[in-house]
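Working notes for the structure below.
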Amino acid sequence: MKIIAFGASNSTKSINKALAAYASSLIPGAEVEVMDLNDFELPLFSEDKESQIGQPQAAKDFLEKIRSADGVVVSFAEHNGSYTAAYKNLFDWASRIEQQVYQNKPTVFLATSPGAGGASSVLTGAKGSAPFFGVDLQDAVSVPSFYDVFDAKTGEVTEPSIVDRLQIAMNTLAENVGVAK
Ligand SMILES: Cc1cc2nc3c(=O)[nH]c(=O)nc-3n(C[C@H](O)[C@H](O)[C@H](O)COP(=O)(O)O)c2cc1C
């Protein structure tokens, strides 16, 4: 079972990338590829730019990575209540090539932030639009107060209730990989 995991952020210290990687590690036996959005850098999307350059390779590569996976784990960073510009830009480019960006892959959405809100606004938005973009959404989990519940040295969540909640989400994902809808 191949899982693609990424933080929807281009921060080199992304806590969402760390959370996506940790959560994916809870699926026993899975082959996990943790992607970095910095590997899919693109000019700012506009229809004018699209007319000039067509379908950029980085957006095709992103879609190909999702195509190659049996399941997807995304953790959304929240900037001013919404997606980071880096994710939204890549998503916009990708959606012009294939509107079903997530290609009906079983997917878990996560979100975290240092604060008590746990990036729940962006998670709510992502859940709401999921049906329009081919997301076979299995579960969605917000993790508040990231730095209080995560050990950066080990790369693991230390709060048992959150480990349990993430394990439930990952079990659901694993059970539904390969299940035709
Ligand atoms: C421009 C900007 C806006 C932010 N807005 C929010 C916000 O609306 N809600 C929130 O919980 N955190 C907000 N934060 C803090 C982020 O949650 C924090 O930077 C977090 O580390 C981002 O996730 P990442 O490390 O995966 O990029 C914001 C940070 C920046 C730089």
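Identifiers in this document derive from the order of the structure tokens: chains are assigned A, B, ..., residues are numbered from 1 separately in each chain, and ligands are numbered from 1 in order of occurrence.
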task = Would you mind listing what lies within 9 Å of Lys105 (chain A) as a list in words, with only C-alpha atoms counted and same-chain residues fewer than 6 positions away left out?
result = Ile66, Arg67, Ala69, Asp70, Gly71, Val72, Gly134, Val135, Asp136, Leu137, Val177 and Gly178 of chain A
Output C-alpha atoms for every residue in that selection, as a JSON list (two decimals), in the first residue's frame.
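So again_31.json came out as:
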```json
[["chain", "number", "residue", "atom", "x", "y", "z"],
["A", 66, "ILE", "CA", -1.39, 11.38, -6.40],
["A", 67, "ARG", "CA", -2.16, 8.97, -9.25],
["A", 69, "ALA", "CA", -0.74, 6.45, -4.53],
["A", 70, "ASP", "CA", -3.26, 4.06, -3.02],
["A", 71, "GLY", "CA", -4.10, 6.62, -0.35],
["A", 72, "VAL", "CA", -3.36, 10.27, 0.46],
["A", 134, "GLY", "CA", -12.36, 13.86, -6.36],
["A", 135, "VAL", "CA", -11.52, 13.47, -2.68],
["A", 136, "ASP", "CA", -12.69, 10.14, -1.28],
["A", 137, "LEU", "CA", -12.59, 11.59, 2.23],
["A", 177, "VAL", "CA", -7.63, 1.63, 0.23],
["A", 178, "GLY", "CA", -8.49, -0.44, -2.82]]
```
key: Expected answer as a PyMOL selection string: alpha helix (DSSP H) residues in chain A   = chain A and resi 15-24+47-53+57-68+85-97+120-129+146-149+160-176
ask   = When the cut-off is 9 Å and you count only C-alpha atoms and all ligand atoms, which residues lie near ligand 1, shown as a count of residues only?
value = 36
message = Let me make sure I understand: among A:Ile97, A:Ala126, A:Val141, A:Met35, which one has the smallest atom-to-atom distance to Ile162 (chain A) if we use only C-alpha atoms?
response =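 For Ile162 (chain A), the nearest of the candidates is A:Val141.
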For Ala23 (chain A), please output as a PDB file with N, CA and C atoms, in the first residue's frame all residues within 12 Å (counting only C-alpha atoms; exclusion window: fewer than 4 positions along the same chain).
```pdb
ATOM      1  N   ILE A   3       1.268   5.226   0.287  1.00  0.00           N
ATOM      2  CA  ILE A   3       0.626   6.440   0.806  1.00  0.00           C
ATOM      3  C   ILE A   3       1.482   7.652   0.433  1.00  0.00           C
ATOM      4  N   ILE A   4       0.830   8.637  -0.150  1.00  0.00           N
ATOM      5  CA  ILE A   4       1.462   9.936  -0.376  1.00  0.00           C
ATOM      6  C   ILE A   4       1.014  10.856   0.754  1.00  0.00           C
ATOM      7  N   ALA A   5       1.986  11.481   1.427  1.00  0.00           N
ATOM      8  CA  ALA A   5       1.663  12.383   2.541  1.00  0.00           C
ATOM      9  C   ALA A   5       2.337  13.723   2.296  1.00  0.00           C
ATOM     10  N   PHE A   6       1.632  14.797   2.612  1.00  0.00           N
ATOM     11  CA  PHE A   6       2.274  16.109   2.513  1.00  0.00           C
ATOM     12  C   PHE A   6       1.590  17.133   3.403  1.00  0.00           C
ATOM     13  N   GLY A   7       2.366  18.136   3.770  1.00  0.00           N
ATOM     14  CA  GLY A   7       1.791  19.308   4.418  1.00  0.00           C
ATOM     15  C   GLY A   7       1.438  20.305   3.332  1.00  0.00           C
ATOM     16  N   ASN A  16       2.787  20.941   9.623  1.00  0.00           N
ATOM     17  CA  ASN A  16       1.789  20.091   8.962  1.00  0.00           C
ATOM     18  C   ASN A  16       2.440  18.951   8.188  1.00  0.00           C
ATOM     19  N   LYS A  17       3.591  19.236   7.600  1.00  0.00           N
ATOM     20  CA  LYS A  17       4.335  18.144   6.954  1.00  0.00           C
ATOM     21  C   LYS A  17       4.745  17.106   8.003  1.00  0.00           C
ATOM     22  N   ALA A  18       5.198  17.594   9.159  1.00  0.00           N
ATOM     23  CA  ALA A  18       5.598  16.680  10.239  1.00  0.00           C
ATOM     24  C   ALA A  18       4.404  15.846  10.710  1.00  0.00           C
ATOM     25  N   LEU A  19       3.245  16.491  10.827  1.00  0.00           N
ATOM     26  CA  LEU A  19       2.052  15.755  11.282  1.00  0.00           C
ATOM     27  C   LEU A  19       1.611  14.722  10.247  1.00  0.00           C
ATOM     28  N   ILE A  27       0.233   3.651   9.853  1.00  0.00           N
ATOM     29  CA  ILE A  27      -0.352   2.585   9.025  1.00  0.00           C
ATOM     30  C   ILE A  27       0.698   1.481   8.895  1.00  0.00           C
ATOM     31  N   PRO A  28       0.468   0.350   9.555  1.00  0.00           N
ATOM     32  CA  PRO A  28       1.489  -0.701   9.532  1.00  0.00           C
ATOM     33  C   PRO A  28       1.743  -1.193   8.114  1.00  0.00           C
ATOM     34  N   ALA A  30       2.763   0.202   5.473  1.00  0.00           N
ATOM     35  CA  ALA A  30       2.561   1.076   4.309  1.00  0.00           C
ATOM     36  C   ALA A  30       3.900   1.621   3.815  1.00  0.00           C
ATOM     37  N   VAL A  32       5.402   4.799   2.611  1.00  0.00           N
ATOM     38  CA  VAL A  32       4.986   6.206   2.711  1.00  0.00           C
ATOM     39  C   VAL A  32       5.982   7.097   1.976  1.00  0.00           C
ATOM     40  N   VAL A  34       6.722  11.014   1.668  1.00  0.00           N
ATOM     41  CA  VAL A  34       6.374  12.344   2.176  1.00  0.00           C
ATOM     42  C   VAL A  34       6.843  13.380   1.150  1.00  0.00           C
ATOM     43  N   VAL A  72      -3.984   8.943   0.322  1.00  0.00           N
ATOM     44  CA  VAL A  72      -3.358  10.266   0.461  1.00  0.00           C
ATOM     45  C   VAL A  72      -3.628  10.804   1.873  1.00  0.00           C
ATOM     46  N   VAL A  73      -2.602  11.400   2.461  1.00  0.00           N
ATOM     47  CA  VAL A  73      -2.736  12.097   3.750  1.00  0.00           C
ATOM     48  C   VAL A  73      -2.244  13.527   3.553  1.00  0.00           C
ATOM     49  N   VAL A  74      -3.139  14.481   3.733  1.00  0.00           N
ATOM     50  CA  VAL A  74      -2.790  15.902   3.601  1.00  0.00           C
ATOM     51  C   VAL A  74      -3.019  16.575   4.936  1.00  0.00           C
ATOM     52  N   SER A  75      -2.073  17.391   5.376  1.00  0.00           N
ATOM     53  CA  SER A  75      -2.301  18.216   6.560  1.00  0.00           C
ATOM     54  C   SER A  75      -2.236  19.679   6.152  1.00  0.00           C
ATOM     55  N   VAL A 108      -7.210  11.150   3.868  1.00  0.00           N
ATOM     56  CA  VAL A 108      -7.467  11.729   5.192  1.00  0.00           C
ATOM     57  C   VAL A 108      -6.949  13.164   5.191  1.00  0.00           C
ATOM     58  N   PHE A 109      -7.790  14.070   5.647  1.00  0.00           N
ATOM     59  CA  PHE A 109      -7.399  15.462   5.830  1.00  0.00           C
ATOM     60  C   PHE A 109      -7.059  15.686   7.303  1.00  0.00           C
ATOM     61  N   LEU A 110      -5.910  16.321   7.533  1.00  0.00           N
ATOM     62  CA  LEU A 110      -5.512  16.745   8.862  1.00  0.00           C
ATOM     63  C   LEU A 110      -5.267  18.253   8.810  1.00  0.00           C
ATOM     64  N   ALA A 111      -5.151  18.860   9.971  1.00  0.00           N
ATOM     65  CA  ALA A 111      -4.755  20.272  10.045  1.00  0.00           C
ATOM     66  C   ALA A 111      -4.217  20.519  11.437  1.00  0.00           C
ATOM     67  N   ALA A 140     -11.305  13.399   8.929  1.00  0.00           N
ATOM     68  CA  ALA A 140     -10.663  14.712   9.018  1.00  0.00           C
ATOM     69  C   ALA A 140     -10.408  15.012  10.491  1.00  0.00           C
ATOM     70  N   VAL A 141      -9.174  15.377  10.804  1.00  0.00           N
ATOM     71  CA  VAL A 141      -8.782  15.578  12.209  1.00  0.00           C
ATOM     72  C   VAL A 141      -7.987  16.882  12.342  1.00  0.00           C
ATOM     73  N   VAL A 143      -5.634  19.070  14.897  1.00  0.00           N
ATOM     74  CA  VAL A 143      -4.777  18.897  16.082  1.00  0.00           C
ATOM     75  C   VAL A 143      -4.385  20.284  16.598  1.00  0.00           C
ATOM     76  N   PHE A 150       3.603  17.483  20.394  1.00  0.00           N
ATOM     77  CA  PHE A 150       4.489  16.836  19.423  1.00  0.00           C
ATOM     78  C   PHE A 150       5.925  16.963  19.886  1.00  0.00           C
ATOM     79  N   GLY A 155       9.792  13.057  16.374  1.00  0.00           N
ATOM     80  CA  GLY A 155       8.822  13.161  15.271  1.00  0.00           C
ATOM     81  C   GLY A 155       7.506  12.490  15.598  1.00  0.00           C
ATOM     82  N   GLU A 156       7.197  12.425  16.908  1.00  0.00           N
ATOM     83  CA  GLU A 156       5.983  11.715  17.314  1.00  0.00           C
ATOM     84  C   GLU A 156       5.056  12.583  18.168  1.00  0.00           C
ATOM     85  N   VAL A 157       3.771  12.301  18.036  1.00  0.00           N
ATOM     86  CA  VAL A 157       2.779  12.933  18.908  1.00  0.00           C
ATOM     87  C   VAL A 157       2.882  12.280  20.289  1.00  0.00           C
ATOM     88  N   ILE A 162      -4.629  12.139  21.216  1.00  0.00           N
ATOM     89  CA  ILE A 162      -4.449  12.523  19.801  1.00  0.00           C
ATOM     90  C   ILE A 162      -3.864  11.358  19.006  1.00  0.00           C
ATOM     91  N   VAL A 163      -2.941  10.629  19.614  1.00  0.00           N
ATOM     92  CA  VAL A 163      -2.429   9.417  18.940  1.00  0.00           C
ATOM     93  C   VAL A 163      -3.596   8.492  18.622  1.00  0.00           C
ATOM     94  N   ASP A 164      -4.475   8.294  19.591  1.00  0.00           N
ATOM     95  CA  ASP A 164      -5.623   7.394  19.384  1.00  0.00           C
ATOM     96  C   ASP A 164      -6.517   7.900  18.257  1.00  0.00           C
ATOM     97  N   ARG A 165      -6.762   9.200  18.251  1.00  0.00           N
ATOM     98  CA  ARG A 165      -7.652   9.762  17.219  1.00  0.00           C
ATOM     99  C   ARG A 165      -7.034   9.629  15.825  1.00  0.00           C
ATOM    100  N   LEU A 166      -5.717   9.866  15.755  1.00  0.00           N
ATOM    101  CA  LEU A 166      -5.042   9.735  14.460  1.00  0.00           C
ATOM    102  C   LEU A 166      -5.001   8.274  14.014  1.00  0.00           C
ATOM    103  N   GLN A 167      -4.834   7.375  14.999  1.00  0.00           N
ATOM    104  CA  GLN A 167      -4.801   5.943  14.648  1.00  0.00           C
ATOM    105  C   GLN A 167      -6.143   5.498  14.066  1.00  0.00           C
ATOM    106  N   ILE A 168      -7.232   6.008  14.619  1.00  0.00           N
ATOM    107  CA  ILE A 168      -8.562   5.683  14.075  1.00  0.00           C
ATOM    108  C   ILE A 168      -8.657   6.157  12.620  1.00  0.00           C
ATOM    109  N   ALA A 169      -8.212   7.378  12.380  1.00  0.00           N
ATOM    110  CA  ALA A 169      -8.270   7.915  11.005  1.00  0.00           C
ATOM    111  C   ALA A 169      -7.427   7.082  10.054  1.00  0.00           C
ATOM    112  N   MET A 170      -6.246   6.689  10.499  1.00  0.00           N
ATOM    113  CA  MET A 170      -5.349   5.923   9.620  1.00  0.00           C
ATOM    114  C   MET A 170      -5.864   4.505   9.398  1.00  0.00           C
ATOM    115  N   ASN A 171      -6.488   3.923  10.427  1.00  0.00           N
ATOM    116  CA  ASN A 171      -7.086   2.594  10.241  1.00  0.00           C
ATOM    117  C   ASN A 171      -8.200   2.658   9.206  1.00  0.00           C
ATOM    118  N   LEU A 173      -8.486   4.786   6.799  1.00  0.00           N
ATOM    119  CA  LEU A 173      -7.854   4.955   5.484  1.00  0.00           C
ATOM    120  C   LEU A 173      -7.353   3.602   4.967  1.00  0.00           C
ATOM    121  N   ALA A 174      -6.625   2.892   5.808  1.00  0.00           N
ATOM    122  CA  ALA A 174      -6.048   1.607   5.380  1.00  0.00           C
ATOM    123  C   ALA A 174      -7.131   0.619   4.976  1.00  0.00           C
TER     124      ALA A 174
END
```
Distance in Å - CA of Glu159 (chain A) versus CA of Ser145 (chain A) =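 Going from CA of Glu159 (chain A) over to CA of Ser145 (chain A) covers 10.8 Å.
Residue-level DSSP output for region 2-56 of chain A, from the backbone, shows strand (DSSP E or B) at Lys2, Ile3, Ile4, Ala5, Phe6, Gly7, Ala8, Glu31, Val32, Glu33, Val34 and Met35 of chain A.
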Those same residues, written as a PDB file, in the first residue's frame with C-alpha atoms?
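File produced: again09.pdb:
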```
ATOM      1  CA  LYS A   2       1.522   3.280  -1.100  1.00  0.00           C
ATOM      2  CA  ILE A   3       0.626   6.440   0.806  1.00  0.00           C
ATOM      3  CA  ILE A   4       1.462   9.936  -0.376  1.00  0.00           C
ATOM      4  CA  ALA A   5       1.663  12.383   2.541  1.00  0.00           C
ATOM      5  CA  PHE A   6       2.274  16.109   2.513  1.00  0.00           C
ATOM      6  CA  GLY A   7       1.791  19.308   4.418  1.00  0.00           C
ATOM      7  CA  ALA A   8      -0.162  21.889   2.431  1.00  0.00           C
ATOM      8  CA  GLU A  31       5.118   2.481   1.915  1.00  0.00           C
ATOM      9  CA  VAL A  32       4.986   6.206   2.711  1.00  0.00           C
ATOM     10  CA  GLU A  33       6.317   8.961   0.459  1.00  0.00           C
ATOM     11  CA  VAL A  34       6.374  12.344   2.176  1.00  0.00           C
ATOM     12  CA  MET A  35       6.237  15.098  -0.435  1.00  0.00           C
TER      13      MET A  35
END
```
For CA of Pro131 (chain A) and CA of Tyr87 (chain A), the interatomic separation in Å (one decimal) = 17.9 Å
request  = Write out as a PyMOL selection string which residues come within 10 Å of Glu50 (chain A) when counting only C-alpha atoms, dropping same-chain ones fewer than 6 positions away.
outcome  = chain A and resi 43-44+56+93+96
For C-alpha atoms, I'd like the residues from the last selection saved as a PDB file, in the first residue's frame.
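This is the output file result04.pdb:
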```pdb
ATOM      1  CA  PRO A  43       4.447  30.915 -10.943  1.00  0.00           C
ATOM      2  CA  LEU A  44       1.382  32.606  -9.519  1.00  0.00           C
ATOM      3  CA  PRO A  56       3.379  23.353 -16.216  1.00  0.00           C
ATOM      4  CA  TRP A  93      -2.766  24.857 -11.544  1.00  0.00           C
ATOM      5  CA  ARG A  96      -6.900  23.154 -14.649  1.00  0.00           C
TER       6      ARG A  96
END
```
